[in-house]
file protein-v1.pdb (PDB, C-alpha atoms and all ligand atoms)
ATOM      1  CA  MET K  17       0.000   0.000   0.000
ATOM      2  CA  SER K  18       1.014   3.596  -0.408
ATOM      3  CA  THR K  19      -0.373   7.085  -0.078
ATOM      4  CA  SER K  20      -1.707   6.813  -3.673
ATOM      5  CA  LEU K  21      -0.083  10.176  -4.363
ATOM      6  CA  PRO K  22       2.099   9.469  -7.411
ATOM      7  CA  TRP K  23       4.615  12.258  -6.743
ATOM      8  CA  LEU K  24       5.467  10.647  -3.378
ATOM      9  CA  GLY K  25       6.483   7.324  -4.925
ATOM     10  CA  SER K  26      10.237   7.815  -4.681
ATOM     11  CA  VAL K  27      10.171   9.100  -1.122
ATOM     12  CA  GLU K  28       7.978   6.119  -0.131
ATOM     13  CA  GLN K  29      10.526   3.760  -1.675
ATOM     14  CA  ARG K  30      13.252   5.443   0.317
ATOM     15  CA  LEU K  31      11.266   5.012   3.540
ATOM     16  CA  ILE K  32      10.609   1.355   2.748
ATOM     17  CA  ARG K  33      14.358   0.800   2.341
ATOM     18  CA  MET K  34      15.006   2.551   5.665
ATOM     19  CA  ARG K  35      12.488   0.251   7.356
ATOM     20  CA  GLN K  36      13.953  -2.863   5.743
ATOM     21  CA  GLN K  37      17.417  -1.897   6.947
ATOM     22  CA  GLY K  38      16.114  -1.105  10.437
ATOM     23  CA  ARG K  39      17.041   2.537  10.021
ATOM     24  CA  LEU K  40      13.757   4.300  10.809
ATOM     25  CA  PRO K  41      15.012   7.122  13.029
ATOM     26  CA  THR K  42      13.606   8.168  16.408
ATOM     27  CA  GLY K  43      12.979  11.668  15.070
ATOM     28  CA  LEU K  44      11.809  11.998  11.474
ATOM     29  CA  LEU K  45      10.958  15.437  10.136
ATOM     30  CA  LEU K  46       8.705  15.455   7.079
ATOM     31  CA  GLN K  47       9.156  18.866   5.543
ATOM     32  CA  GLY K  48       6.747  19.855   2.808
ATOM     33  CA  ALA K  49       4.405  22.606   1.673
ATOM     34  CA  LEU K  50       0.839  22.446   2.973
ATOM     35  CA  GLY K  51      -1.458  20.292   0.901
ATOM     36  CA  THR K  52       1.246  18.340  -0.917
ATOM     37  CA  GLY K  53       0.881  15.093   1.028
ATOM     38  CA  ALA K  54       3.049  15.251   4.167
ATOM     39  CA  GLU K  55       0.101  14.119   6.321
ATOM     40  CA  PRO K  56      -0.735  10.957   4.374
ATOM     41  CA  LEU K  57       3.000  10.272   4.178
ATOM     42  CA  ALA K  58       3.203  10.447   7.978
ATOM     43  CA  GLY K  59       0.401   7.852   8.152
ATOM     44  CA  PHE K  60       2.372   5.710   5.718
ATOM     45  CA  VAL K  61       5.441   5.891   7.979
ATOM     46  CA  ALA K  62       3.295   4.743  10.904
ATOM     47  CA  GLN K  63       2.056   1.748   8.901
ATOM     48  CA  LEU K  64       5.588   1.027   7.790
ATOM     49  CA  ALA K  65       6.815   0.943  11.375
ATOM     50  CA  LEU K  66       3.907  -1.017  12.866
ATOM     51  CA  CYS K  67       3.058  -3.459  10.058
ATOM     52  CA  ARG K  68       4.448  -6.943  10.647
ATOM     53  CA  ALA K  69       3.731  -8.321   7.176
ATOM     54  CA  ASP K  70       6.603  -9.450   4.981
ATOM     55  CA  ALA K  71       6.258  -6.339   2.849
ATOM     56  CA  PRO K  72       5.310  -3.449   5.117
ATOM     57  CA  ALA K  73       3.232  -1.280   4.883
ATOM     58  CA  CYS K  74       0.896  -3.887   3.397
ATOM     59  CA  GLY K  75      -2.232  -1.806   3.987
ATOM     60  CA  VAL K  76      -4.449  -4.844   4.637
ATOM     61  CA  CYS K  77      -3.247  -6.355   7.920
ATOM     62  CA  ARG K  78      -4.837  -5.550  11.253
ATOM     63  CA  ASP K  79      -2.023  -3.149  12.230
ATOM     64  CA  CYS K  80      -2.216  -1.204   8.957
ATOM     65  CA  ARG K  81      -6.002  -0.912   9.151
ATOM     66  CA  MET K  82      -5.917   0.193  12.781
ATOM     67  CA  VAL K  83      -3.330   2.871  11.937
ATOM     68  CA  GLU K  84      -5.534   4.088   9.116
ATOM     69  CA  ALA K  85      -8.529   4.274  11.472
ATOM     70  CA  LEU K  86      -6.375   6.089  14.087
ATOM     71  CA  GLN K  87      -7.171   3.256  16.513
ATOM     72  CA  HIS K  88      -3.842   1.500  16.825
ATOM     73  CA  PRO K  89      -2.794   1.279  20.495
ATOM     74  CA  ASP K  90       0.816   2.096  19.599
ATOM     75  CA  PHE K  91       0.034   4.974  17.297
ATOM     76  CA  THR K  92      -0.761   8.522  18.407
ATOM     77  CA  TRP K  93      -1.622  11.483  16.236
ATOM     78  CA  VAL K  94      -0.965  14.764  18.077
ATOM     79  CA  ARG K  95      -2.493  17.931  16.661
ATOM     80  CA  PRO K  96      -3.606  21.250  18.154
ATOM     81  CA  LEU K  97      -6.696  20.770  20.293
ATOM     82  CA  GLU K  98      -9.945  22.202  19.010
ATOM     83  CA  ASP K  99     -10.195  26.000  19.241
ATOM     84  CA  SER K 100      -6.447  26.168  19.704
ATOM     85  CA  LYS K 101      -3.658  26.541  17.203
ATOM     86  CA  VAL K 102      -1.071  25.297  19.653
ATOM     87  CA  ILE K 103       0.174  21.865  20.669
ATOM     88  CA  ARG K 104       0.404  22.158  24.447
ATOM     89  CA  VAL K 105       2.880  20.714  26.907
ATOM     90  CA  GLU K 106       0.138  18.563  28.506
ATOM     91  CA  GLN K 107      -0.391  16.828  25.147
ATOM     92  CA  ILE K 108       3.321  16.053  24.843
ATOM     93  CA  ARG K 109       3.537  14.847  28.458
ATOM     94  CA  GLU K 110       0.608  12.533  27.842
ATOM     95  CA  LEU K 111       2.340  11.244  24.723
ATOM     96  CA  THR K 112       5.718  10.662  26.360
ATOM     97  CA  GLU K 113       4.115   8.880  29.304
ATOM     98  CA  ALA K 114       2.239   6.634  26.889
ATOM     99  CA  LEU K 115       5.454   5.936  24.997
ATOM    100  CA  VAL K 116       7.113   4.783  28.211
ATOM    101  CA  LEU K 117       4.212   2.661  29.401
ATOM    102  CA  THR K 118       2.841   1.029  26.290
ATOM    103  CA  ALA K 119       4.667  -1.054  23.810
ATOM    104  CA  HIS K 120       2.167  -3.575  22.560
ATOM    105  CA  ALA K 121       3.579  -4.479  19.197
ATOM    106  CA  ALA K 122       7.116  -5.716  19.740
ATOM    107  CA  GLY K 123       7.992  -2.451  21.411
ATOM    108  CA  VAL K 124       7.287  -0.362  18.338
ATOM    109  CA  SER K 125       5.486   2.944  18.904
ATOM    110  CA  VAL K 126       4.795   5.783  16.499
ATOM    111  CA  ALA K 127       3.570   9.305  17.086
ATOM    112  CA  VAL K 128       2.860  11.949  14.475
ATOM    113  CA  LEU K 129       3.025  15.611  15.468
ATOM    114  CA  ASN K 130       1.203  17.755  12.978
ATOM    115  CA  PRO K 131       1.981  20.543  12.513
ATOM    116  CA  ALA K 132       5.053  20.105  14.685
ATOM    117  CA  ASP K 133       5.786  23.838  14.589
ATOM    118  CA  ALA K 134       2.533  24.376  16.494
ATOM    119  CA  MET K 135       4.268  23.123  19.648
ATOM    120  CA  ASN K 136       4.775  25.906  22.135
ATOM    121  CA  ALA K 137       8.183  26.252  23.818
ATOM    122  CA  ASN K 138       7.256  24.071  26.804
ATOM    123  CA  ALA K 139       5.857  21.358  24.574
ATOM    124  CA  ALA K 140       9.011  21.348  22.461
ATOM    125  CA  ASN K 141      11.132  21.036  25.609
ATOM    126  CA  ALA K 142       9.078  18.112  26.824
ATOM    127  CA  LEU K 143       9.467  16.377  23.463
ATOM    128  CA  LEU K 144      13.191  16.985  23.439
ATOM    129  CA  LYS K 145      13.676  14.565  26.343
ATOM    130  CA  THR K 146      12.201  11.716  24.299
ATOM    131  CA  LEU K 147      14.407  12.631  21.350
ATOM    132  CA  GLU K 148      17.512  12.811  23.532
ATOM    133  CA  GLU K 149      16.937   9.536  25.367
ATOM    134  CA  PRO K 150      15.122   7.455  22.784
ATOM    135  CA  ARG K 151      13.637   4.080  23.601
ATOM    136  CA  ALA K 152      14.300   1.522  20.874
ATOM    137  CA  GLY K 153      11.366   1.185  18.509
ATOM    138  CA  VAL K 154       9.974   4.683  19.023
ATOM    139  CA  THR K 155       9.467   6.817  15.925
ATOM    140  CA  LEU K 156       8.338  10.420  16.232
ATOM    141  CA  VAL K 157       7.197  11.863  12.912
ATOM    142  CA  LEU K 158       7.237  15.649  12.906
ATOM    143  CA  VAL K 159       5.273  17.197  10.049
ATOM    144  CA  SER K 160       6.016  20.809   9.210
ATOM    145  CA  ALA K 161       5.664  23.247   6.343
ATOM    146  CA  ALA K 162       7.806  25.734   8.250
ATOM    147  CA  PRO K 163      10.536  23.832  10.119
ATOM    148  CA  SER K 164      12.483  27.056  10.750
ATOM    149  CA  ARG K 165       9.898  27.718  13.453
ATOM    150  CA  LEU K 166      11.035  24.615  15.334
ATOM    151  CA  PRO K 167      13.762  24.989  17.976
ATOM    152  CA  ALA K 168      17.264  24.150  16.719
ATOM    153  CA  THR K 169      17.567  21.588  19.528
ATOM    154  CA  ILE K 170      14.639  19.637  18.045
ATOM    155  CA  LEU K 171      15.837  20.024  14.452
ATOM    156  CA  SER K 172      19.297  18.726  15.283
ATOM    157  CA  ARG K 173      17.765  15.514  16.666
ATOM    158  CA  CYS K 174      15.640  14.787  13.603
ATOM    159  CA  GLN K 175      16.415  13.237  10.282
ATOM    160  CA  ARG K 176      14.940  15.511   7.657
ATOM    161  CA  LEU K 177      13.012  14.188   4.679
ATOM    162  CA  ARG K 178      11.712  16.583   2.076
ATOM    163  CA  VAL K 179       8.190  15.876   0.807
ATOM    164  CA  PRO K 180       8.238  16.610  -2.932
ATOM    165  CA  THR K 181       5.803  19.153  -4.348
ATOM    166  CA  PRO K 182       3.971  17.780  -7.400
ATOM    167  CA  THR K 183       4.402  19.441 -10.749
ATOM    168  CA  ARG K 184       1.374  21.330 -12.001
ATOM    169  CA  ALA K 185       0.623  18.509 -14.439
ATOM    170  CA  GLN K 186       0.787  15.905 -11.648
ATOM    171  CA  ALA K 187      -1.428  18.023  -9.406
ATOM    172  CA  LEU K 188      -3.991  18.596 -12.181
ATOM    173  CA  ALA K 189      -4.056  14.918 -13.160
ATOM    174  CA  TRP K 190      -4.563  13.787  -9.575
ATOM    175  CA  LEU K 191      -7.312  16.343  -8.925
ATOM    176  CA  ALA K 192      -9.106  15.470 -12.161
ATOM    177  CA  ALA K 193      -9.124  11.825 -11.077
ATOM    178  CA  GLN K 194     -10.687  12.766  -7.720
ATOM    179  CA  LYS K 195     -13.273  15.231  -9.024
ATOM    180  CA  PRO K 196     -13.374  15.637 -12.796
ATOM    181  CA  SER K 197     -15.975  18.410 -12.967
ATOM    182  CA  ALA K 198     -14.046  21.263 -11.360
ATOM    183  CA  ASP K 199     -11.790  23.885 -12.937
ATOM    184  CA  TRP K 200      -8.659  22.937 -11.010
ATOM    185  CA  GLY K 201      -6.355  25.167 -13.044
ATOM    186  CA  GLU K 202      -7.885  28.279 -11.556
ATOM    187  CA  VAL K 203      -7.689  26.814  -8.049
ATOM    188  CA  LEU K 204      -3.995  25.936  -8.429
ATOM    189  CA  ASP K 205      -3.341  29.460  -9.761
ATOM    190  CA  VAL K 206      -4.368  30.715  -6.331
ATOM    191  CA  LEU K 207      -3.113  27.946  -4.048
ATOM    192  CA  GLY K 208      -0.014  26.804  -5.909
ATOM    193  CA  ASN K 209       0.612  23.118  -6.575
ATOM    194  CA  ALA K 210      -1.078  21.970  -3.380
ATOM    195  CA  PRO K 211      -3.622  19.410  -4.618
ATOM    196  CA  LEU K 212      -4.771  18.203  -1.184
ATOM    197  CA  LEU K 213      -5.472  21.780  -0.156
ATOM    198  CA  ALA K 214      -7.292  22.330  -3.447
ATOM    199  CA  LEU K 215      -9.493  19.288  -2.969
ATOM    200  CA  ASP K 216     -10.707  20.705   0.351
ATOM    201  CA  ILE K 217     -11.999  23.867  -1.217
ATOM    202  CA  ASP K 218     -15.060  24.659  -3.322
ATOM    203  CA  PRO K 219     -13.696  26.203  -6.541
ATOM    204  CA  ALA K 220     -16.682  28.574  -6.871
ATOM    205  CA  GLU K 221     -16.211  29.767  -3.297
ATOM    206  CA  LEU K 222     -12.505  30.245  -3.919
ATOM    207  CA  ARG K 223     -13.251  32.424  -6.933
ATOM    208  CA  ARG K 224     -15.708  34.511  -4.940
ATOM    209  CA  VAL K 225     -13.254  35.058  -2.060
ATOM    210  CA  ARG K 226     -10.442  35.867  -4.473
ATOM    211  CA  GLU K 227     -12.425  38.456  -6.408
ATOM    212  CA  GLU K 228     -13.799  40.025  -3.252
ATOM    213  CA  SER K 229     -10.329  40.204  -1.689
ATOM    214  CA  LEU K 230      -8.715  41.742  -4.765
ATOM    215  CA  ALA K 231     -11.542  44.279  -5.068
ATOM    216  CA  ALA K 232     -10.961  45.261  -1.430
ATOM    217  CA  LEU K 233      -7.232  45.740  -2.059
ATOM    218  CA  MET K 234      -7.998  48.078  -4.950
ATOM    219  CA  GLN K 235     -10.484  49.962  -2.790
ATOM    220  CA  ALA K 236      -7.824  50.320  -0.128
ATOM    221  CA  ARG K 237      -5.474  51.769  -2.715
ATOM    222  CA  ARG K 238      -8.107  54.361  -3.566
ATOM    223  CA  GLY K 239      -8.605  55.203   0.085
ATOM    224  CA  GLN K 240     -12.192  53.954  -0.148
ATOM    225  CA  LEU K 241     -12.076  50.869   2.052
ATOM    226  CA  ASP K 242     -13.460  50.659   5.575
ATOM    227  CA  LEU K 243     -10.232  49.194   6.917
ATOM    228  CA  SER K 244     -11.255  48.117  10.398
ATOM    229  CA  ALA K 245     -14.579  46.564   9.348
ATOM    230  CA  THR K 246     -12.910  44.672   6.496
ATOM    231  CA  ALA K 247      -9.992  43.503   8.622
ATOM    232  CA  GLU K 248     -12.244  42.387  11.452
ATOM    233  CA  GLY K 249     -14.600  40.565   9.090
ATOM    234  CA  TRP K 250     -11.721  38.746   7.400
ATOM    235  CA  ALA K 251     -10.027  37.860  10.689
ATOM    236  CA  ARG K 252     -13.233  36.302  12.028
ATOM    237  CA  GLY K 253     -14.279  34.681   8.760
ATOM    238  CA  GLU K 254     -13.572  31.117   7.722
ATOM    239  CA  HIS K 255     -11.375  32.113   4.779
ATOM    240  CA  PHE K 256      -8.688  34.053   6.642
ATOM    241  CA  GLU K 257      -5.806  31.931   5.302
ATOM    242  CA  LEU K 258      -7.191  32.040   1.787
ATOM    243  CA  ARG K 259      -7.493  35.824   1.884
ATOM    244  CA  LEU K 260      -3.883  36.066   3.030
ATOM    245  CA  THR K 261      -2.911  33.850   0.102
ATOM    246  CA  CYS K 262      -4.824  36.195  -2.246
ATOM    247  CA  ILE K 263      -2.966  39.210  -0.817
ATOM    248  CA  GLU K 264       0.309  37.294  -1.109
ATOM    249  CA  ASN K 265      -0.391  36.481  -4.777
ATOM    250  CA  TRP K 266      -1.334  40.086  -5.494
ATOM    251  CA  LEU K 267       1.904  41.327  -3.942
ATOM    252  CA  THR K 268       4.067  38.687  -5.634
ATOM    253  CA  THR K 269       2.598  39.511  -9.048
ATOM    254  CA  ARG K 270       3.441  43.144  -8.529
ATOM    255  CA  ILE K 271       6.944  42.353  -7.292
ATOM    256  CA  GLU K 272       7.496  40.135 -10.356
ATOM    257  CA  ASP K 273       6.221  42.929 -12.629
ATOM    258  CA  TRP K 274       8.629  45.289 -10.963
ATOM    259  CA  ALA K 275      11.512  42.855 -11.373
ATOM    260  CA  VAL K 276      10.747  42.443 -15.087
ATOM    261  CA  ASP K 277       9.967  46.041 -16.021
ATOM    262  CA  GLY K 278      11.210  48.043 -13.091
ATOM    263  CA  ARG K 279       7.769  49.548 -12.732
ATOM    264  CA  GLN K 280       4.166  48.807 -11.859
ATOM    265  CA  THR K 281       2.286  47.374 -14.803
ATOM    266  CA  GLN K 282      -1.032  45.603 -15.073
ATOM    267  CA  PRO K 283      -3.971  46.314 -12.848
ATOM    268  CA  VAL K 284      -5.244  43.057 -11.356
ATOM    269  CA  GLN K 285      -7.439  41.047 -13.638
ATOM    270  CA  ALA K 286     -10.550  40.988 -11.466
ATOM    271  CA  ASN K 287     -10.689  44.760 -11.622
ATOM    272  CA  ALA K 288      -9.724  45.334 -15.207
ATOM    273  CA  HIS K 289     -12.741  47.560 -15.706
ATOM    274  CA  LEU K 290     -11.393  50.001 -13.143
ATOM    275  CA  PRO K 291      -8.328  52.122 -13.787
ATOM    276  CA  ASP K 292      -5.344  51.313 -11.590
ATOM    277  CA  PRO K 293      -4.836  54.389  -9.474
ATOM    278  CA  GLY K 294      -1.051  53.922  -9.742
ATOM    279  CA  LEU K 295      -0.440  55.179  -6.254
ATOM    280  CA  ASP K 296       2.713  55.426  -4.242
ATOM    281  CA  VAL K 297       3.164  51.666  -3.907
ATOM    282  CA  ASN K 298       6.841  50.965  -4.426
ATOM    283  CA  ILE K 299       9.021  47.903  -4.264
ATOM    284  CA  VAL K 300      10.162  48.536  -0.694
ATOM    285  CA  LEU K 301       6.574  48.736   0.476
ATOM    286  CA  LEU K 302       5.592  45.643  -1.529
ATOM    287  CA  LEU K 303       8.367  43.602   0.072
ATOM    288  CA  ARG K 304       7.471  44.901   3.529
ATOM    289  CA  LEU K 305       3.825  43.988   2.986
ATOM    290  CA  LEU K 306       4.821  40.518   1.818
ATOM    291  CA  ASP K 307       6.763  40.100   5.070
ATOM    292  CA  MET K 308       3.671  41.160   6.980
ATOM    293  CA  VAL K 309       1.615  38.515   5.163
ATOM    294  CA  TYR K 310       4.148  35.809   6.083
ATOM    295  CA  GLU K 311       4.114  36.948   9.700
ATOM    296  CA  LEU K 312       0.330  36.934   9.748
ATOM    297  CA  LYS K 313       0.298  33.412   8.339
ATOM    298  CA  ALA K 314       2.674  32.318  11.094
ATOM    299  CA  LEU K 315       0.772  34.135  13.828
ATOM    300  CA  ARG K 316      -1.058  31.696  16.052
ATOM    301  CA  SER K 317      -3.274  34.176  17.712
ATOM    302  CA  THR K 318      -6.784  35.395  18.369
ATOM    303  CA  ALA K 319      -9.168  36.830  15.804
ATOM    304  CA  ILE K 320      -8.772  40.232  17.479
ATOM    305  CA  ASN K 321      -4.981  40.272  17.082
ATOM    306  CA  ARG K 322      -5.246  39.002  13.530
ATOM    307  CA  GLY K 323      -7.760  41.737  12.769
ATOM    308  CA  LEU K 324      -5.488  44.463  14.092
ATOM    309  CA  ALA K 325      -2.475  43.134  12.206
ATOM    310  CA  LEU K 326      -4.497  42.857   9.009
ATOM    311  CA  GLU K 327      -5.840  46.375   9.411
ATOM    312  CA  GLN K 328      -2.278  47.626   9.796
ATOM    313  CA  LEU K 329      -1.349  45.828   6.578
ATOM    314  CA  LEU K 330      -4.279  47.222   4.580
ATOM    315  CA  TRP K 331      -3.593  50.693   5.924
ATOM    316  CA  GLN K 332      -0.170  50.641   4.258
ATOM    317  CA  LEU K 333      -1.903  50.427   0.897
ATOM    318  CA  VAL K 334      -3.902  53.588   1.453
ATOM    319  CA  PRO K 335      -2.465  56.573  -0.406
ATOM    320  CA  ARG K 336      -0.808  59.138   1.859
ATOM    321  CA  ALA K 337      -3.256  61.892   0.900
ATOM    322  CA  SER K 338      -6.231  59.772   1.980
ATOM    323  CA  ARG K 339      -4.492  58.777   5.218
ATOM    324  CA  ALA K 340      -4.126  62.421   6.142
ATOM    325  CA  ALA K 341      -7.786  63.053   5.372
ATOM    326  CA  ALA K 342      -8.963  60.053   7.403
TER     327      ALA K 342
HETATM  328 ZN    ZN K 401       0.286  -4.214   7.193
END
call {"tool": "encode", "arguments": {"input": "protein-v1.pdb", "output": "structure tokens"}}
result
Amino acid sequence: MSTSLPWLGSVEQRLIRMRQQGRLPTGLLLQGALGTGAEPLAGFVAQLALCRADAPACGVCRDCRMVEALQHPDFTWVRPLEDSKVIRVEQIRELTEALVLTAHAAGVSVAVLNPADAMNANAANALLKTLEEPRAGVTLVLVSAAPSRLPATILSRCQRLRVPTPTRAQALAWLAAQKPSADWGEVLDVLGNAPLLALDIDPAELRRVREESLAALMQARRGQLDLSATAEGWARGEHFELRLTCIENWLTTRIEDWAVDGRQTQPVQANAHLPDPGLDVNIVLLLRLLDMVYELKALRSTAINRGLALEQLLWQLVPRASRAAA
């Protein structure tokens, strides 16, 4: 059995060889962009470690099926608790205690931490002990799209495995096989080659959010946007991440235009009927705003804080003359 994600074939083969040679490490960091398959790959590693068939991970034995159903006694999946974006120290303590106490299947135990960079400092410290004094047969799979946010002490104890990003053709082919009716090209234009993320989203809804977000950015540039109401609405809404991605794309397009021509060029497509006001948005500001978007994406915080940060970002787009008038 495998993840059934064709672009992960070679990395699966590599993991199978590691298992056959008894080289599955205590700490394994799966590093890959969101929506490219790191999660299913982590499940595959768990099957690989716990399956006792001649060719693990067979996918059909009791162990493999229990891993898949998240019911295997020696397999734990740790993620942020509901309503929280953080993996807390209590969760890690519970995990490490379980790792000490239980070893049903020949002493093999697997835990997946996803996303591992959601561990707060105390949680990371608690995990470090297990990584430093590993019990034989324990495999901790850390999944992260942003491993630089993990403490260096954790990183240095993990073997890093890069999860490949599919090509656009691979992503389109896979998506078409899952759901042939949708226009996946447009979705990937917004999300990048992240097919698992794409499959979770309604393409029509994505288009609506994208157009609405771009229209708001243009309004901001004209000094016509109610910044605080917009920011608060976006921060509390269900599409916060998607809106940030739309802002990110808008900024990147402009930065690319600047790099090619040394100047601002096309107004965004969704607003082609409106003239681009061509305001004082320069490359320094664009790069600063892009940084703000990345920080906002990393921010594990309340809707109120997100709203304030987003308002600050949108405010930077407002022309100076309108700021003075406001
Ligand atoms: Zn099996």
call {"tool": "resolve_selection", "arguments": {"input": "protein-v1.pdb", "expression": "the PyMOL selection byres (((not hetatm)) within 10 of (chain K and resi 401))", "output": "JSON, numbers by chain"}}
result
{"K": [17, 63, 64, 65, 66, 67, 68, 69, 70, 71, 72, 73, 74, 75, 76, 77, 78, 79, 80, 81, 82, 83]}
call {"tool": "write_last_selection", "arguments": {"input": "protein-v1.pdb", "atoms": "C-alpha atoms", "output": "compact mmCIF listing (two decimals), keeping the file's coordinate frame"}}
result
# COMPACT_ATOMS: atom_id res chain seq x y z
CA MET K 17 0.00 0.00 0.00
CA GLN K 63 2.06 1.75 8.90
CA LEU K 64 5.59 1.03 7.79
CA ALA K 65 6.82 0.94 11.38
CA LEU K 66 3.91 -1.02 12.87
CA CYS K 67 3.06 -3.46 10.06
CA ARG K 68 4.45 -6.94 10.65
CA ALA K 69 3.73 -8.32 7.18
CA ASP K 70 6.60 -9.45 4.98
CA ALA K 71 6.26 -6.34 2.85
CA PRO K 72 5.31 -3.45 5.12
CA ALA K 73 3.23 -1.28 4.88
CA CYS K 74 0.90 -3.89 3.40
CA GLY K 75 -2.23 -1.81 3.99
CA VAL K 76 -4.45 -4.84 4.64
CA CYS K 77 -3.25 -6.36 7.92
CA ARG K 78 -4.84 -5.55 11.25
CA ASP K 79 -2.02 -3.15 12.23
CA CYS K 80 -2.22 -1.20 8.96
CA ARG K 81 -6.00 -0.91 9.15
CA MET K 82 -5.92 0.19 12.78
CA VAL K 83 -3.33 2.87 11.94
call {"tool": "atom_distance", "arguments": {"input": "protein-v1.pdb", "atom1": "CA of Arg178 (chain K)", "atom2": "CA of Trp190 (chain K)"}}
result
20.2 Å
call {"tool": "closest_residue", "arguments": {"input": "protein-v1.pdb", "among": "K:Ala220, K:Ala247, K:Leu57, K:Leu166", "to": "Leu324 (chain K)", "atoms": "only C-alpha atoms"}}
result
K:Ala247
call {"tool": "atom_distance", "arguments": {"input": "protein-v1.pdb", "atom1": "CA of Ala214 (chain K)", "atom2": "CA of Thr183 (chain K)"}}
result
14.1 Å
call {"tool": "resolve_selection", "arguments": {"input": "protein-v1.pdb", "expression": "the PyMOL selection byres (((chain K and resi 135-137) around 8) and not hetatm)", "output": "list in words"}}
result
Val102, Ile103, Arg104, Val105, Pro131, Ala132, Asp133, Ala134, Asn138, Ala139, Ala140 and Asn141 of chain K
call {"tool": "atom_distance", "arguments": {"input": "protein-v1.pdb", "atom1": "CA of Gly53 (chain K)", "atom2": "CA of Phe91 (chain K)"}}
result
19.2 Å
call {"tool": "closest_residue", "arguments": {"input": "protein-v1.pdb", "among": "K:Val154, K:Leu24, K:Met234, K:Ala162", "to": "Tyr310 (chain K)", "atoms": "only C-alpha atoms"}}
result
K:Ala162
call {"tool": "resolve_selection", "arguments": {"input": "protein-v1.pdb", "expression": "the PyMOL selection byres (((chain K and resi 246) around 10) and not hetatm)", "output": "mmCIF file with C-alpha atoms, in the coordinates of the input"}}
result
data_model
loop_
_atom_site.group_PDB
_atom_site.id
_atom_site.type_symbol
_atom_site.label_atom_id
_atom_site.label_comp_id
_atom_site.auth_asym_id
_atom_site.auth_seq_id
_atom_site.Cartn_x
_atom_site.Cartn_y
_atom_site.Cartn_z
ATOM 1 C CA SER K 229 -10.329 40.204 -1.689
ATOM 2 C CA ALA K 232 -10.961 45.261 -1.430
ATOM 3 C CA LEU K 241 -12.076 50.869 2.052
ATOM 4 C CA ASP K 242 -13.460 50.659 5.575
ATOM 5 C CA LEU K 243 -10.232 49.194 6.917
ATOM 6 C CA SER K 244 -11.255 48.117 10.398
ATOM 7 C CA ALA K 245 -14.579 46.564 9.348
ATOM 8 C CA ALA K 247 -9.992 43.503 8.622
ATOM 9 C CA GLU K 248 -12.244 42.387 11.452
ATOM 10 C CA GLY K 249 -14.600 40.565 9.090
ATOM 11 C CA TRP K 250 -11.721 38.746 7.400
ATOM 12 C CA ALA K 251 -10.027 37.860 10.689
ATOM 13 C CA GLY K 323 -7.760 41.737 12.769
ATOM 14 C CA LEU K 326 -4.497 42.857 9.009
ATOM 15 C CA GLU K 327 -5.840 46.375 9.411
ATOM 16 C CA LEU K 330 -4.279 47.222 4.580
#
call {"tool": "residues_around", "arguments": {"input": "protein-v1.pdb", "residues": "Thr92 (chain K)", "least_positions_apart": "5", "cutoff": "8 Å", "atoms": "all atoms listed in the file", "output": "list of chain:residue names"}}
result
K:Leu86, K:Leu111, K:Val126, K:Ala127, K:Val128
call {"tool": "write_last_selection", "arguments": {"input": "protein-v1.pdb", "atoms": "C-alpha atoms", "output": "PDB file, in the coordinates of the input"}}
result
ATOM      1  CA  LEU K  86      -6.375   6.089  14.087  1.00  0.00           C
ATOM      2  CA  LEU K 111       2.340  11.244  24.723  1.00  0.00           C
ATOM      3  CA  VAL K 126       4.795   5.783  16.499  1.00  0.00           C
ATOM      4  CA  ALA K 127       3.570   9.305  17.086  1.00  0.00           C
ATOM      5  CA  VAL K 128       2.860  11.949  14.475  1.00  0.00           C
TER       6      VAL K 128
END
call {"tool": "closest_residue", "arguments": {"input": "protein-v1.pdb", "among": "K:Trp200, K:Trp331, K:Phe60, K:Trp23", "to": "Gln240 (chain K)", "atoms": "all atoms listed in the file"}}
result
K:Trp331
call {"tool": "residues_around", "arguments": {"input": "protein-v1.pdb", "residues": "Gln47 (chain K)", "least_positions_apart": "4", "cutoff": "9 Å", "atoms": "only C-alpha atoms", "output": "PyMOL selection string"}}
result
chain K and resi 54+158-163+176-180
call {"tool": "axis_aligned_box", "arguments": {"input": "protein-v1.pdb", "around": "region 123-141 of chain K", "padding_each_side": "8 Å", "output": "AutoDock Vina command-line options"}}
result
--center_x 6.2 --center_y 11.9 --center_z 19.7 --size_x 25.9 --size_y 44.7 --size_z 30.3
call {"tool": "residues_around", "arguments": {"input": "protein-v1.pdb", "residues": "Thr155 (chain K)", "least_positions_apart": "5", "cutoff": "8 Å", "atoms": "only C-alpha atoms", "output": "PyMOL selection string"}}
result
chain K and resi 40-44+65+124-127
call {"tool": "closest_residue", "arguments": {"input": "protein-v1.pdb", "among": "K:Ala198, K:Val203, K:Ala142, K:Ala193", "to": "Ser20 (chain K)", "atoms": "all atoms listed in the file"}}
result
K:Ala193
call {"tool": "residues_around", "arguments": {"input": "protein-v1.pdb", "residues": "Asp199 (chain K)", "least_positions_apart": "4", "cutoff": "10 Å", "atoms": "only C-alpha atoms", "output": "PyMOL selection string"}}
result
chain K and resi 188+191-192+195+203-204+219-220
call {"tool": "decode", "arguments": {"input": "protein-v1.pdb", "residues": "region 302-312 of chain K", "atoms": "C-alpha atoms", "output": "mmCIF file, in the first residue's frame"}}
result
data_model
loop_
_atom_site.group_PDB
_atom_site.id
_atom_site.type_symbol
_atom_site.label_atom_id
_atom_site.label_comp_id
_atom_site.auth_asym_id
_atom_site.auth_seq_id
_atom_site.Cartn_x
_atom_site.Cartn_y
_atom_site.Cartn_z
ATOM 1 C CA LEU K 302 5.592 45.643 -1.529
ATOM 2 C CA LEU K 303 8.367 43.602 0.072
ATOM 3 C CA ARG K 304 7.471 44.901 3.529
ATOM 4 C CA LEU K 305 3.825 43.988 2.986
ATOM 5 C CA LEU K 306 4.821 40.518 1.818
ATOM 6 C CA ASP K 307 6.763 40.100 5.070
ATOM 7 C CA MET K 308 3.671 41.160 6.980
ATOM 8 C CA VAL K 309 1.615 38.515 5.163
ATOM 9 C CA TYR K 310 4.148 35.809 6.083
ATOM 10 C CA GLU K 311 4.114 36.948 9.700
ATOM 11 C CA LEU K 312 0.330 36.934 9.748
#
